[in-house]
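Taking it in order: structure first as structure tokens, then the write-up.
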Amino acid sequence: MKLLNVDTIEEVQKKLKSYFQTASAQIEMVPLRQSVGRYLGEDIFSDVDMPQFRRSVVDGYAVLAKDTFGVSDSMPVFLEVAGTVDMGKACDIVLEPGQAVYVPTGGMLPQGSDSMVMIEYIEKLDEKTIAVYKPAAPNSKIMNPGDDFRKNEILFSKGHRIAAKDIGLLAAVGKAEVPVLRKPKMSILSTGDEIIEISEIPKPGEIRDINSSAVAAFAEKTGVDVRSVAIVEDSYEKLRIAVEEALKESDLVVLSGGSSAGAKDMTAEIIDSLGEPGVITHGIAMKPGKPTIIGVLAQKAQDSAEGINCQNHCCKLVVGLPGHPMAAIIVYEVVVSSFIKQYYFHHKEEPITVTAAITENIHAGEGRETYQLVSLKRDDALQWIAEPIHAKSGSISQLMLADGFVRIPSLSEGIDAKSRVEVVLF
Ligand SMILES: Nc1nc2c(c(=O)[nH]1)N[C@H]1C(S)=C(S)[C@@H](COP(=O)(O)OP(=O)(O)OC[C@H]3O[C@@H](n4cnc5c(N)ncnc54)[C@H](O)[C@@H]3O)O[C@H]1N2
Ligand code: MOO
């Protein structure tokens with residue numbers, strides 16, 4: 001029985017690495033504003049100093065700071081106005097001691113000046129003279145070249161996921177088009193004679209297809225291009241044809257159901273029939289999610305001393321998720337999603353976690369790594385607490401209450417109530 005011989009998650013990752021290790025990035029250019037949520041295909045360097053010129057951050061007069069030292073409301077200094085700077089134009093005025101030059105916010109400071117005095121603190125006596133009532137410290141109210149970032153500085157690394165907050169910086173370095181990694185294409189197949197479309201009313205024995213929509217939503221959240229979702233009945237030939245068709249249009253095929261040891265569980269057989277190396281893992285030491293199948297199909301088998309090595313994504317991943325919805329979603333997040341981030345998106349940034357005190361003892365899962373759903377709340381001292389959600393993996397309603405999950409290693413004794421845990425957020 002294959003299911004008795006399960007791999008740990010680390011073993012699965014090691015096996016996948018041997019097939020996908022040299023997968024190279026395929027880059028496409030997208031307009032800047034459409035790049036939010038995409039993963040960078042190249043490191044991004046600044047092409048200019050920012051700012052490129054000494055710039056005022058206020059409306060006021062450029063001065064030599066030491067001309068203003070010691071001035072006050074009752075004892076101003078009188079400075080000669082040597083000119084006005086025009087916005088968007090280079091300033092060729094050279095400021096001499098005893099002079100001031102009007103500079104609007106964002107304008108270029110004249111040579112010889114080292115500070116700005118805001119208009120609130122001056123009085124215009126005539127066209128040529130101002131009185132300054134407040135001392136200015138050197139470098140105050142100005143930005144020097146490179147204060148924000150310097151030319152040739154690395155701003156973002158390949159694999160970084162672009163967020164809305166990054167768009168301004170990409171705009172500042174002229175990225176009207178951004179090199180991003182191509183989205184892998186995924187097909188999702190739900191198997192089972194009992195599975196019906198969600199628009200239908202289930203008759204006794206039937207169940208609406210939860211997994212396709214749920215897995216598609218998690219995949220799209222990660223940036224995957226979900227090409228198709230379909231329900232396939234428990235027929236070897238129909239399922240084999242469906243997987244074969246899906247492989248033509250997709251880089252990854254995710255099936256749900258049909259992964260455990262039951263009589264109709266033919267997913268593994270079908271993967272093996274479709275190419276080499278076929279099923280590499282049948283059963284993972286995780287809870288939930290034990291009856292998971294991982295298959296790899298080489299498109300161009302390159303027999304070498306190391307065996308089949310998939311270069312440039314010539315290997316395709318076929319995953320048989322457990323049918324139980326909660327198990328399907330957790331396995332997708334823990335195994336498939338992290339594979340996609342690593343091999344297709346070169347994404348190395350760790351997910352943001354929240355440290356919280358767990359409210360109950362959690363048992364470790366007898367040789368299996370346990371993924372415990374939790375909901376996060378604040379206690380009276382405003383510290384995060386994680387409340388375990390006790391839900392059967394065949395259910396779905398409790399998932400909406402979960403903020404994330406806690407990982408309990410298989411060799412641990414479990415977690416005691418009140419101990420600190422890391423919650424990986426959904
Ligand atoms: N003898 C054993 N039986 C089972 C084992 C085992 O180790 N030995 N593992 C159990 C666990 S754990 C799980 S999880 C399930 C996995 O079963 P399959 O992956 O073969 O899935 P099915 O049998 O097709 O379905 C299981 C369950 O989930 C429902 N389901 C399936 N697909 C969907 C869907 N798209 N949307 C909603 N619900 C779905 C299905 O109707 C079943 O109720 O096996 C245990 N058995
Ligand atoms: O471990 Mo199963 O994958 O749902 O309970």
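Residue numbers start at 1 in each chain; chains themselves are named A, B, ... in the order of the structure tokens; ligands are numbered from 1 in the order shown.
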
Around ligand 1, out to 8 Å and counting only C-alpha atoms and all ligand atoms, which residues are there? I want them as number ranges by chain. A: 3, 190-192, 194-195, 206-212, 231, 256-262, 264-265, 287-292, 320-325, 327-328, 393-394

When DSSP is applied to the backbone of this structure, which of segment 133-365 of chain A are assigned alpha helix (DSSP H)? Write them out as number ranges by chain. A: 167-172, 210-222, 236-249, 267-273, 325-331, 338-343

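For the residues A:Lys124, A:Arg150, A:Lys238, A:Lys418, ranking by smallest atom-to-atom distance to Ala357 of chain A using only C-alpha atoms places A:Lys418 first.
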
Measuring atom to atom with only C-alpha atoms and all ligand atoms, identify which of A:Arg368, A:Arg420, A:Lys15, A:Arg182 is nearest to ligand 2.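 Counting only C-alpha atoms and all ligand atoms, the residue closest to ligand 2 is A:Arg368.
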
Name the residues in contact with Gly367 of chain A at a cut-off of 7 Å, using only C-alpha atoms, excluding same-chain residues fewer than 3 positions from it; report them as a PyMOL selection string. chain A and resi 285+410-411

As JSON, numbers by chain, please: the residues near Phe45 of chain A (cut-off 7 Å, only C-alpha atoms, same-chain neighbours under 5 positions excluded). {"A": [152, 153, 154, 155]}

Could you dump the residues just selected with N, CA and C atoms as a PDB file, in the first residue's frame?
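Full text of out39.pdb as output:
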```pdb
ATOM      1  N   ASN A 152      22.297  53.772  -9.691  1.00  0.00           N
ATOM      2  CA  ASN A 152      22.855  52.403  -9.677  1.00  0.00           C
ATOM      3  C   ASN A 152      22.645  51.653  -8.360  1.00  0.00           C
ATOM      4  N   GLU A 153      21.778  52.187  -7.493  1.00  0.00           N
ATOM      5  CA  GLU A 153      21.459  51.477  -6.252  1.00  0.00           C
ATOM      6  C   GLU A 153      20.465  50.354  -6.602  1.00  0.00           C
ATOM      7  N   ILE A 154      20.597  49.192  -5.951  1.00  0.00           N
ATOM      8  CA  ILE A 154      19.588  48.140  -6.204  1.00  0.00           C
ATOM      9  C   ILE A 154      18.352  48.452  -5.355  1.00  0.00           C
ATOM     10  N   LEU A 155      17.219  48.566  -6.013  1.00  0.00           N
ATOM     11  CA  LEU A 155      15.999  48.971  -5.308  1.00  0.00           C
ATOM     12  C   LEU A 155      15.114  47.759  -4.998  1.00  0.00           C
TER      13      LEU A 155
END
```

Long-range neighbours of segment 129-142 of chain A as a PyMOL selection string, 6 Å cut-off, only C-alpha atoms, 3 positions minimum in chain: chain A and resi 55-57+65+68-69+71-73+76-81+114-116+121-126

Please provide the set of residues having any atom within 10 Å of Asp86 of chain A, restricted to only C-alpha atoms, with same-chain residues fewer than 2 positions apart removed, written as a list in words.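 Everything that qualifies: Gly83, Thr84, Gly88, Lys89, Ala90, Cys91, Tyr102, Val103, Pro104, Gly106, Gly107 and Met108 of chain A.
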